[in-house]
$ cat coords_5.txt   # compact mmCIF, C-alpha atoms
# COMPACT_ATOMS: atom_id res chain seq x y z
CA MET A 1 -64.16 97.74 -94.68
CA ASP A 2 -60.52 97.28 -95.70
CA ILE A 3 -57.71 95.21 -94.26
CA ALA A 4 -56.12 98.20 -92.50
CA ASP A 5 -58.93 97.94 -89.94
CA ILE A 6 -58.28 94.31 -88.98
CA ALA A 7 -54.71 93.30 -89.92
CA THR A 8 -52.24 92.75 -87.11
CA ARG A 9 -48.53 93.37 -86.71
CA GLU A 10 -48.20 90.50 -84.25
CA PHE A 11 -47.14 87.25 -85.89
CA VAL A 12 -44.76 84.32 -85.49
CA GLU A 13 -41.60 84.70 -87.53
CA VAL A 14 -38.59 82.41 -88.10
CA ASP A 15 -35.43 82.70 -90.15
CA ALA A 16 -35.08 80.49 -93.23
CA ASN A 17 -32.09 78.80 -91.56
CA LYS A 18 -34.10 77.69 -88.51
CA ARG A 19 -34.24 73.89 -88.03
CA LEU A 20 -37.56 72.39 -89.10
CA GLY A 21 -37.75 70.55 -85.77
CA LYS A 22 -37.97 73.92 -84.02
CA VAL A 23 -40.72 75.01 -86.40
CA ARG A 24 -42.74 71.88 -85.60
CA SER A 25 -42.33 72.64 -81.90
CA ILE A 26 -43.70 76.16 -82.43
CA PHE A 27 -46.83 74.74 -84.05
CA GLU A 28 -47.26 72.31 -81.17
CA ARG A 29 -46.76 75.01 -78.52
CA GLU A 30 -48.50 78.04 -80.05
CA ASN A 31 -50.76 76.57 -82.78
CA PRO A 32 -50.44 79.57 -85.12
CA LYS A 33 -52.35 79.77 -88.41
CA GLY A 34 -48.99 79.91 -90.13
CA ILE A 35 -45.42 81.07 -89.62
CA ILE A 36 -43.78 83.88 -91.58
CA VAL A 37 -40.33 82.94 -92.92
CA THR A 38 -37.70 85.61 -93.50
CA ASP A 39 -34.32 85.43 -95.20
CA ASP A 40 -31.80 87.99 -93.96
CA GLY A 41 -34.73 89.99 -92.60
CA ALA A 42 -36.68 90.04 -95.87
CA TYR A 43 -40.01 88.25 -96.33
CA ALA A 44 -39.53 84.84 -97.98
CA GLY A 45 -42.85 83.04 -97.54
CA VAL A 46 -44.88 81.04 -95.03
CA ILE A 47 -44.99 77.59 -93.47
CA THR A 48 -48.37 76.08 -92.63
CA GLN A 49 -49.38 73.20 -90.42
CA LYS A 50 -50.83 71.50 -93.48
CA GLN A 51 -47.34 71.35 -95.00
CA LEU A 52 -45.95 69.63 -91.92
CA VAL A 53 -48.54 66.87 -92.11
CA GLN A 54 -47.77 66.35 -95.79
CA SER A 55 -44.01 66.57 -95.39
CA HIS A 56 -41.40 63.83 -95.06
CA VAL A 57 -38.61 66.38 -94.56
CA GLU A 58 -36.32 65.61 -91.60
CA ASP A 59 -36.22 67.84 -88.51
CA ASN A 60 -32.63 68.85 -89.28
CA ALA A 61 -33.66 70.42 -92.58
CA LYS A 62 -33.89 74.20 -92.77
CA ALA A 63 -37.19 76.05 -92.60
CA GLY A 64 -36.44 77.50 -96.01
CA ALA A 65 -36.91 74.02 -97.52
CA MET A 66 -40.57 74.07 -96.48
CA THR A 67 -41.35 77.68 -97.34
CA ARG A 68 -44.20 78.29 -99.76
CA SER A 69 -45.51 81.47 -101.28
CA ALA A 70 -48.70 83.01 -99.94
CA PRO A 71 -50.83 85.62 -101.68
CA LYS A 72 -49.73 89.11 -100.70
CA VAL A 73 -52.36 91.73 -99.87
CA GLY A 74 -52.20 95.46 -99.27
CA ARG A 75 -53.35 97.28 -96.14
CA THR A 76 -56.14 99.02 -98.06
CA ASP A 77 -57.46 95.95 -99.89
CA ASP A 78 -61.17 95.13 -99.54
CA VAL A 79 -62.13 92.44 -97.03
CA ARG A 80 -64.20 90.48 -99.56
CA GLU A 81 -61.33 90.35 -102.01
CA VAL A 82 -58.90 89.23 -99.30
CA ALA A 83 -61.37 86.50 -98.29
CA ARG A 84 -61.34 85.31 -101.89
CA VAL A 85 -57.54 85.37 -101.95
CA LEU A 86 -57.33 83.20 -98.82
CA VAL A 87 -59.83 80.65 -100.15
CA GLU A 88 -58.34 80.44 -103.63
CA GLY A 89 -54.82 80.22 -102.22
CA GLY A 90 -55.82 77.46 -99.79
CA VAL A 91 -54.18 79.35 -96.90
CA LYS A 92 -55.23 80.58 -93.46
CA LEU A 93 -53.23 83.81 -93.49
CA ALA A 94 -51.78 86.32 -95.91
CA PRO A 95 -48.87 88.71 -95.45
CA VAL A 96 -49.93 92.36 -95.53
CA PHE A 97 -47.65 94.78 -97.36
CA GLU A 98 -47.37 98.55 -97.35
CA ALA A 99 -45.08 100.38 -99.78
CA GLY A 100 -43.43 97.09 -100.70
CA GLU A 101 -42.53 96.19 -97.11
CA LEU A 102 -44.02 93.49 -94.88
CA TRP A 103 -46.31 95.32 -92.45
CA GLY A 104 -48.17 92.46 -90.75
CA ILE A 105 -50.54 89.61 -91.44
CA VAL A 106 -54.26 89.00 -91.74
CA THR A 107 -55.80 85.65 -90.82
CA GLU A 108 -59.15 84.06 -91.55
CA ASP A 109 -60.02 84.55 -87.87
CA ASP A 110 -59.34 88.29 -88.14
CA ILE A 111 -61.77 88.57 -91.05
CA LEU A 112 -64.50 86.41 -89.49
CA ASP A 113 -64.32 88.30 -86.21
CA ALA A 114 -64.62 91.62 -88.04
CA VAL A 115 -67.73 90.57 -90.01
CA LEU A 116 -69.35 88.43 -87.30
CA GLU A 117 -72.39 90.67 -86.78
CA ASN A 118 -73.14 90.60 -90.51
CA LEU A 119 -73.52 86.80 -90.56
CA ASP A 120 -76.84 86.66 -88.73
CA ALA A 121 -78.77 86.61 -92.01
CA LEU A 122 -77.23 83.28 -93.02
CA THR A 123 -78.13 79.83 -91.71
CA VAL A 124 -75.80 76.85 -91.65
CA GLU A 125 -77.98 75.21 -94.31
CA ASP A 126 -77.14 78.05 -96.71
CA ILE A 127 -73.39 77.40 -96.85
CA TYR A 128 -72.33 74.12 -95.22
CA THR A 129 -70.58 71.33 -97.13
CA GLN A 130 -72.73 68.24 -97.58
CA ASP A 131 -70.02 65.94 -98.95
CA VAL A 132 -68.17 64.91 -95.80
CA ILE A 133 -65.54 62.20 -95.43
CA THR A 134 -65.66 60.16 -92.23
CA VAL A 135 -63.52 57.45 -90.62
CA SER A 136 -64.24 54.67 -88.13
CA GLU A 137 -62.78 54.46 -84.64
CA ASP A 138 -60.35 51.69 -85.67
CA THR A 139 -58.95 53.58 -88.68
CA ASN A 140 -55.24 54.03 -88.03
CA VAL A 141 -53.39 57.36 -87.97
CA GLY A 142 -51.49 56.52 -91.15
CA GLN A 143 -54.77 56.12 -93.05
CA VAL A 144 -56.02 59.40 -91.59
CA VAL A 145 -52.89 61.22 -92.78
CA ASN A 146 -53.42 59.82 -96.30
CA LEU A 147 -57.05 60.97 -96.33
CA LEU A 148 -56.10 64.47 -95.16
CA ARG A 149 -53.47 64.67 -97.91
CA LYS A 150 -55.62 63.19 -100.67
CA HIS A 151 -58.59 65.45 -100.09
CA GLY A 152 -56.75 68.55 -98.87
CA ILE A 153 -58.90 68.77 -95.74
CA SER A 154 -58.11 69.51 -92.11
CA ARG A 155 -60.55 67.34 -90.11
CA LEU A 156 -62.44 64.05 -90.19
CA PRO A 157 -65.49 63.07 -88.11
CA VAL A 158 -65.10 59.68 -86.41
CA LEU A 159 -68.00 57.20 -86.33
CA ASP A 160 -68.58 54.09 -84.22
CA GLU A 161 -69.88 50.73 -85.45
CA THR A 162 -73.44 52.12 -85.54
CA ASP A 163 -72.36 55.09 -87.71
CA SER A 164 -72.95 57.47 -84.80
CA LEU A 165 -70.64 60.45 -84.32
CA THR A 166 -68.18 59.80 -81.48
CA GLY A 167 -65.19 62.03 -82.18
CA MET A 168 -63.22 64.34 -84.46
CA VAL A 169 -59.60 64.06 -85.58
CA THR A 170 -57.84 67.13 -86.98
CA ARG A 171 -54.58 67.91 -88.68
CA HIS A 172 -53.45 69.59 -85.47
CA ASP A 173 -54.13 66.39 -83.50
CA ILE A 174 -51.88 64.46 -85.88
CA VAL A 175 -49.07 67.02 -85.67
CA ASP A 176 -49.42 67.08 -81.89
CA VAL A 177 -49.08 63.32 -81.41
CA VAL A 178 -46.28 62.97 -83.97
CA VAL A 179 -44.20 65.81 -82.48
CA ARG A 180 -44.82 64.59 -78.92
CA ASP A 181 -43.71 61.03 -79.68
CA MET A 182 -40.79 62.14 -81.85
CA ASN A 183 -39.48 64.25 -78.96
CA LYS A 184 -39.41 61.10 -76.81
CA ALA A 185 -37.55 59.07 -79.39
CA THR A 186 -33.78 58.92 -79.85
CA ARG A 187 -32.28 59.13 -83.33
CA GLY A 188 -31.97 55.35 -83.57
CA ASP A 189 -35.56 54.82 -82.49
CA ARG A 190 -37.05 57.31 -84.93
CA ALA A 191 -38.15 54.93 -87.70
CA GLY A 192 -39.78 52.57 -85.22
CA GLU A 193 -41.55 55.39 -83.43
CA ILE A 194 -42.98 56.74 -86.68
CA GLU A 195 -44.39 53.31 -87.53
CA ARG A 196 -45.85 52.98 -84.03
CA VAL A 197 -47.60 56.36 -84.27
CA LEU A 198 -48.99 55.63 -87.73
CA ASP A 199 -50.43 52.31 -86.51
CA LEU A 200 -52.35 53.90 -83.62
CA PRO A 201 -56.16 53.72 -83.98
CA VAL A 202 -57.72 57.12 -84.46
CA TYR A 203 -59.76 56.44 -81.32
CA ASP A 204 -56.56 57.08 -79.31
CA VAL A 205 -55.96 60.57 -80.72
CA MET A 206 -59.42 61.92 -81.58
CA ASN A 207 -61.28 64.65 -79.68
CA SER A 208 -64.49 63.68 -77.93
CA PRO A 209 -67.22 64.80 -77.40
CA VAL A 210 -67.65 66.65 -80.68
CA GLU A 211 -68.99 70.17 -81.09
CA THR A 212 -71.91 70.10 -83.49
CA VAL A 213 -74.19 72.62 -85.15
CA ARG A 214 -77.67 72.08 -86.59
CA VAL A 215 -78.66 72.92 -90.13
CA GLY A 216 -81.09 75.60 -88.97
CA ASP A 217 -78.64 77.44 -86.68
CA SER A 218 -77.39 80.88 -87.64
CA VAL A 219 -73.91 81.20 -89.13
CA GLU A 220 -73.22 84.04 -86.69
CA ASP A 221 -73.70 81.70 -83.71
CA ALA A 222 -71.67 78.94 -85.36
CA VAL A 223 -68.73 81.22 -86.16
CA ALA A 224 -68.83 82.75 -82.66
CA ARG A 225 -68.43 79.25 -81.21
CA MET A 226 -65.59 78.44 -83.62
CA LEU A 227 -63.71 81.62 -82.73
CA GLU A 228 -64.30 81.23 -78.99
CA ASN A 229 -63.06 77.63 -78.90
CA ASP A 230 -60.47 77.88 -81.71
CA PHE A 231 -62.32 75.33 -83.85
CA ALA A 232 -61.72 75.38 -87.60
CA GLY A 233 -65.00 73.58 -88.24
CA LEU A 234 -68.14 72.06 -86.75
CA VAL A 235 -69.98 68.87 -87.65
CA VAL A 236 -73.45 69.59 -89.03
CA THR A 237 -76.30 67.43 -87.74
CA PRO A 238 -80.04 67.31 -88.46
CA GLU A 239 -82.45 69.08 -86.11
CA ASP A 240 -83.53 65.87 -84.38
CA ASP A 241 -80.30 63.82 -84.05
CA ASP A 242 -76.96 65.11 -82.74
CA SER A 243 -75.23 61.80 -83.54
CA ALA A 244 -75.99 61.79 -87.29
CA VAL A 245 -73.53 63.51 -89.65
CA VAL A 246 -75.07 65.37 -92.60
CA GLY A 247 -72.16 67.66 -93.38
CA ILE A 248 -69.50 69.97 -92.03
CA LEU A 249 -69.20 73.74 -91.66
CA THR A 250 -65.70 75.21 -91.76
CA LYS A 251 -64.31 78.70 -91.54
CA THR A 252 -63.40 78.35 -95.21
CA ASP A 253 -67.08 77.78 -96.05
CA VAL A 254 -67.91 81.05 -94.31
CA LEU A 255 -65.10 82.96 -96.04
CA ARG A 256 -66.33 81.59 -99.35
CA ALA A 257 -69.82 82.89 -98.59
CA LEU A 258 -68.37 86.37 -98.02
CA THR A 259 -67.18 86.40 -101.63
CA TYR A 260 -70.56 85.57 -103.17
CA THR A 261 -71.56 88.18 -105.73
CA GLU A 262 -74.66 89.09 -107.71
CA GLU A 263 -72.97 89.39 -111.07
CA GLU A 264 -74.65 88.68 -114.40
CA HIS A 265 -72.65 85.46 -114.61
CA MET A 266 -72.48 82.93 -111.81
CA ASP A 267 -69.80 83.43 -109.19
CA VAL A 268 -67.09 80.78 -109.58
CA GLN A 269 -64.42 80.39 -106.94
CA ILE A 270 -61.29 78.37 -107.59
CA THR A 271 -59.09 76.98 -104.84
CA ASN A 272 -55.41 76.51 -105.77
CA ILE A 273 -55.90 78.63 -108.88
CA THR A 274 -52.14 78.57 -109.53
CA LEU A 275 -52.51 74.99 -110.81
CA LEU A 276 -54.45 76.16 -113.88
CA ASP A 277 -52.38 75.47 -116.99
CA THR A 278 -54.22 75.39 -120.33
CA ILE A 279 -57.61 76.47 -118.96
CA SER A 280 -58.76 79.82 -117.59
CA ARG A 281 -61.29 80.95 -114.99
CA GLU A 282 -63.58 82.13 -117.82
CA ASP A 283 -63.37 78.72 -119.52
CA ILE A 284 -64.36 77.04 -116.25
CA ARG A 285 -67.26 79.43 -115.65
CA ALA A 286 -68.61 78.97 -119.21
CA ASP A 287 -68.44 75.17 -119.03
CA ILE A 288 -70.22 75.04 -115.66
CA GLU A 289 -72.92 77.42 -116.92
CA THR A 290 -73.49 75.12 -119.90
CA VAL A 291 -74.08 72.17 -117.56
CA ALA A 292 -76.34 74.20 -115.26
CA ASP A 293 -78.43 75.38 -118.22
CA LYS A 294 -79.47 71.78 -118.88
CA TYR A 295 -81.66 72.02 -115.80
CA GLN A 296 -83.54 75.28 -116.29
CA ALA A 297 -85.30 75.12 -112.92
CA MET A 298 -81.96 75.05 -111.12
CA GLN A 299 -80.48 78.42 -110.27
CA VAL A 300 -76.79 78.22 -109.37
CA GLN A 301 -76.03 80.52 -106.46
CA HIS A 302 -72.34 79.71 -106.26
CA ALA A 303 -69.81 77.35 -107.83
CA HIS A 304 -66.64 76.17 -106.11
CA VAL A 305 -63.88 74.40 -108.02
CA ARG A 306 -60.96 72.95 -106.09
CA PHE A 307 -57.73 71.63 -107.61
CA HIS A 308 -55.24 69.46 -105.73
CA GLU A 309 -51.85 68.38 -107.08
CA HIS A 310 -50.50 64.87 -106.48
CA LYS A 311 -46.82 63.98 -106.64
CA GLU A 312 -47.29 61.57 -109.57
CA LYS A 313 -46.37 62.97 -113.00
CA LEU A 314 -46.61 61.89 -116.63
CA ARG A 315 -43.94 63.39 -118.88
CA GLY A 316 -43.63 66.30 -116.47
CA THR A 317 -47.37 66.95 -116.13
CA PRO A 318 -48.67 66.43 -112.56
CA LEU A 319 -51.68 64.30 -111.67
CA ILE A 320 -54.42 66.71 -110.59
CA GLN A 321 -57.61 66.07 -108.65
CA CYS A 322 -60.55 68.39 -109.37
CA GLN A 323 -63.69 68.78 -107.29
CA ILE A 324 -66.67 70.87 -108.43
CA ARG A 325 -69.50 71.83 -106.10
CA LEU A 326 -72.59 73.80 -107.05
CA ARG A 327 -74.83 75.41 -104.48
CA THR A 328 -78.27 75.84 -106.04
CA ASN A 329 -81.88 76.55 -105.18
CA LYS A 330 -82.46 72.80 -105.65
CA GLY A 331 -79.70 71.70 -103.28
CA GLN A 332 -76.05 70.85 -103.89
CA ALA A 333 -74.60 69.07 -106.92
CA ALA A 334 -71.02 67.87 -107.18
CA GLY A 335 -68.55 66.05 -109.39
CA SER A 336 -64.91 65.05 -109.01
CA GLY A 337 -62.20 63.51 -111.16
CA GLU A 338 -58.48 63.16 -111.76
CA GLY A 339 -56.25 63.65 -114.78
CA TYR A 340 -52.82 64.81 -115.83
CA GLY A 341 -53.07 68.57 -115.89
CA ALA A 342 -55.81 70.83 -114.54
CA GLU A 343 -57.82 70.92 -117.78
CA THR A 344 -58.08 67.14 -118.06
CA ALA A 345 -59.00 66.78 -114.38
CA PHE A 346 -61.63 69.51 -114.72
CA ASN A 347 -63.22 67.86 -117.76
CA VAL A 348 -63.52 64.51 -115.94
CA ALA A 349 -65.09 66.24 -112.92
CA LEU A 350 -67.39 68.26 -115.21
CA ASP A 351 -68.64 65.07 -116.88
CA LYS A 352 -69.53 63.59 -113.49
CA LEU A 353 -71.16 66.87 -112.45
CA GLU A 354 -73.31 66.82 -115.57
CA ARG A 355 -74.50 63.28 -114.84
CA ASN A 356 -75.34 64.30 -111.27
CA VAL A 357 -77.23 67.39 -112.45
CA LEU A 358 -79.27 65.33 -114.91
CA GLU A 359 -79.94 62.80 -112.17
CA LEU A 360 -81.13 65.63 -109.93
CA LYS A 361 -83.40 66.76 -112.77
CA GLY A 362 -84.79 63.23 -113.04
CA VAL A 363 -85.46 63.03 -109.31
CA GLN A 364 -87.27 66.36 -109.46
CA ALA A 365 -89.37 65.13 -112.39
CA ASP A 366 -90.23 61.91 -110.51
CA GLU A 367 -91.34 63.92 -107.48
CA GLU A 368 -93.53 66.15 -109.62
CA TYR A 369 -95.12 63.11 -111.28
CA ARG A 370 -95.73 61.50 -107.90
CA GLY A 371 -97.41 64.69 -106.67
CA GLN A 372 -99.64 64.82 -109.73
CA LEU A 373 -100.56 61.18 -109.29
CA LEU A 374 -101.47 61.65 -105.63
CA ARG A 375 -103.62 64.67 -106.47
CA LYS A 376 -105.49 62.64 -109.11
CA LEU A 377 -105.98 59.78 -106.67
CA GLY A 378 -107.34 62.25 -104.14
CA GLU A 379 -109.92 63.41 -106.66
CA LEU A 380 -111.34 59.88 -107.09

$ encode --input "coords_5.txt" --output "structure tokens"
Amino acid sequence: MDIADIATREFVEVDANKRLGKVRSIFERENPKGIIVTDDGAYAGVITQKQLVQSHVEDNAKAGAMTRSAPKVGRTDDVREVARVLVEGGVKLAPVFEAGELWGIVTEDDILDAVLENLDALTVEDIYTQDVITVSEDTNVGQVVNLLRKHGISRLPVLDETDSLTGMVTRHDIVDVVVRDMNKATRGDRAGEIERVLDLPVYDVMNSPVETVRVGDSVEDAVARMLENDFAGLVVTPEDDDSAVVGILTKTDVLRALTYTEEEHMDVQITNITLLDTISREDIRADIETVADKYQAMQVQHAHVRFHEHKEKLRGTPLIQCQIRLRTNKGQAAGSGEGYGAETAFNVALDKLERNVLELKGVQADEEYRGQLLRKLGEL
């Protein structure tokens, strides 16, 4: 299947000279995956909701000031490759070109809807993310915004004082409340209104009840629910307790699964690959394989490496956060770290990953020893 079968010519478009306040209003009113920006009728880039949450740009600024590049795809490109492009670019949509001209767009929803019937062979347990960041009901909106920025995520489960799931706060919720309150404020009140919004407890803006999915559910059913209700993700719970959080399943997790391959070398996917400086994809793959080889019983099914750039710099080199996650036949292993430049950040994360892999090996050895001991005791 290629993109020509699922791309659409219907999309939201603004001129680069449009006021940013108008763009924010479009996101509040229509909740698009992204907005195409044109300059004198020619494609210039996209604006995403994620950028608005991370931005301190005033409403009177031009849309062009917020425009970022998005990976371009062709109408005849393969769906799996486009899925990879979306994940590695950290975007929800890509402009589709034909003969050098903007033809339309393709979104993650378009792809997931097209492959929905092929997802019945997967269970949530196969692809969900175990490392999930949560907040308490009294966490304020300002802290939520910082967490969304720091980790490059779009949603946070909310827990009560007993650590039970009570709500979900998303990037869209934050944009919605900020835009709504800013529209009420006059120019002179703006600074005070921003502070008031940021001080609100997340309990006041979260969604409740929360849609959950169990680890044994099929990915097809989970994605169908996400598409039907316009959810970007679902909280994953164990089979016997809908209030306990064991992970999260997002549309990005599903897109990533579509790109899994059966190559001779492990499949390594890199999000925000443009941040790579003095290190290549092949270097990353080789280093991760070296770590994985230290635990021979562990077969790596997929490796995901995510880079995130902070504003801080040292002699022109940005501070980078790197997160590595391995999905293996022995469960998930992860490591994260920060450093100036992608290579330094990756090496810090790799060191932590190696320690976690060796710890996993030790746990496995302890379990095997315990099993042997119990069998011997049973023979007495």

$ residues_around --input "coords_5.txt" --residues "Asn347 of chain A" --least-positions-apart "5" --cutoff "10 Å" --atoms "only C-alpha atoms" --output "ChimeraX atom specification"
/A:284,287,322,336-339,342,352-353

$ closest_residue --input "coords_5.txt" --among "A:Leu102, A:Ile3, A:Ala244, A:Val79" --to "Val158 of chain A" --atoms "only C-alpha atoms"
A:Ala244

$ residues_around --input "coords_5.txt" --residues "Val12 of chain A" --least-positions-apart "6" --cutoff "12 Å" --atoms "only C-alpha atoms" --output "MDAnalysis selection string"
chainID A and resid 23 26:27 29:38 46:48 93 95 104:105

$ closest_residue --input "coords_5.txt" --among "A:Ala334, A:Leu198, A:Ile6, A:Val357" --to "Glu108 of chain A" --atoms "only C-alpha atoms"
A:Ile6

$ atom_distance --input "coords_5.txt" --atom1 "atom CA of Ile111 of chain A" --atom2 "atom CA of Val254 of chain A"
10.2 Å

$ residues_near_point --input "coords_5.txt" --point "(-60.6, 92.2, -97.7)" --cutoff "10 Å" --atoms "all atoms listed in the file" --output "PDB file with C-alpha atoms, in the frame of the given file"
ATOM      1  CA  MET A   1     -64.160  97.740 -94.680  1.00  0.00           C
ATOM      2  CA  ASP A   2     -60.520  97.280 -95.700  1.00  0.00           C
ATOM      3  CA  ILE A   3     -57.710  95.210 -94.260  1.00  0.00           C
ATOM      4  CA  ALA A   4     -56.120  98.200 -92.500  1.00  0.00           C
ATOM      5  CA  ASP A   5     -58.930  97.940 -89.940  1.00  0.00           C
ATOM      6  CA  ILE A   6     -58.280  94.310 -88.980  1.00  0.00           C
ATOM      7  CA  ALA A   7     -54.710  93.300 -89.920  1.00  0.00           C
ATOM      8  CA  VAL A  73     -52.360  91.730 -99.870  1.00  0.00           C
ATOM      9  CA  GLY A  74     -52.200  95.460 -99.270  1.00  0.00           C
ATOM     10  CA  ARG A  75     -53.350  97.280 -96.140  1.00  0.00           C
ATOM     11  CA  THR A  76     -56.140  99.020 -98.060  1.00  0.00           C
ATOM     12  CA  ASP A  77     -57.460  95.950 -99.890  1.00  0.00           C
ATOM     13  CA  ASP A  78     -61.170  95.130 -99.540  1.00  0.00           C
ATOM     14  CA  VAL A  79     -62.130  92.440 -97.030  1.00  0.00           C
ATOM     15  CA  ARG A  80     -64.200  90.480 -99.560  1.00  0.00           C
ATOM     16  CA  GLU A  81     -61.330  90.350-102.010  1.00  0.00           C
ATOM     17  CA  VAL A  82     -58.900  89.230 -99.300  1.00  0.00           C
ATOM     18  CA  ALA A  83     -61.370  86.500 -98.290  1.00  0.00           C
ATOM     19  CA  ARG A  84     -61.340  85.310-101.890  1.00  0.00           C
ATOM     20  CA  VAL A  85     -57.540  85.370-101.950  1.00  0.00           C
ATOM     21  CA  LEU A  86     -57.330  83.200 -98.820  1.00  0.00           C
ATOM     22  CA  VAL A 106     -54.260  89.000 -91.740  1.00  0.00           C
ATOM     23  CA  ILE A 111     -61.770  88.570 -91.050  1.00  0.00           C
ATOM     24  CA  LEU A 258     -68.370  86.370 -98.020  1.00  0.00           C
ATOM     25  CA  THR A 259     -67.180  86.400-101.630  1.00  0.00           C
TER      26      THR A 259
END

$ residues_around --input "coords_5.txt" --residues "Val57 of chain A" --least-positions-apart "6" --cutoff "10 Å" --atoms "all atoms listed in the file" --output "PyMOL selection string"
chain A and resi 20-21+63+65-66

$ atom_distance --input "coords_5.txt" --atom1 "atom CA of Gly64 of chain A" --atom2 "atom CA of Phe97 of chain A"
20.6 Å

$ residues_around --input "coords_5.txt" --residues "segment 208-224 of chain A" --least-positions-apart "3" --cutoff "7 Å" --atoms "only C-alpha atoms" --output "ChimeraX atom specification"
/A:116-117,119-120,122-125,166-168,227-228,234-239

$ atom_distance --input "coords_5.txt" --atom1 "atom CA of Arg68 of chain A" --atom2 "atom CA of Ala44 of chain A"
8.2 Å

$ closest_residue --input "coords_5.txt" --among "A:Asp173, A:Asp277, A:Glu312, A:Asp126" --to "Asp204 of chain A" --atoms "only C-alpha atoms"
A:Asp173

$ residues_around --input "coords_5.txt" --residues "Val87 of chain A" --least-positions-apart "3" --cutoff "8 Å" --atoms "all atoms listed in the file" --output "PDB file with C-alpha atoms, in the coordinates of the input"
ATOM      1  CA  ALA A  83     -61.370  86.500 -98.290  1.00  0.00           C
ATOM      2  CA  ARG A  84     -61.340  85.310-101.890  1.00  0.00           C
ATOM      3  CA  GLY A  90     -55.820  77.460 -99.790  1.00  0.00           C
ATOM      4  CA  VAL A  91     -54.180  79.350 -96.900  1.00  0.00           C
ATOM      5  CA  THR A 252     -63.400  78.350 -95.210  1.00  0.00           C
ATOM      6  CA  LEU A 255     -65.100  82.960 -96.040  1.00  0.00           C
ATOM      7  CA  ARG A 256     -66.330  81.590 -99.350  1.00  0.00           C
ATOM      8  CA  ILE A 270     -61.290  78.370-107.590  1.00  0.00           C
ATOM      9  CA  THR A 271     -59.090  76.980-104.840  1.00  0.00           C
TER      10      THR A 271
END

$ closest_residue --input "coords_5.txt" --among "A:Asn17, A:Thr67, A:Asn272, A:Thr129" --to "Asp253 of chain A" --atoms "all atoms listed in the file"
A:Thr129

$ closest_residue --input "coords_5.txt" --among "A:Val115, A:Leu200, A:Ala303, A:Ile288" --to "Thr139 of chain A" --atoms "all atoms listed in the file"
A:Leu200

$ closest_residue --input "coords_5.txt" --among "A:Thr344, A:Thr250, A:Gln299, A:Asn356" --to "Tyr128 of chain A" --atoms "all atoms listed in the file"
A:Thr250
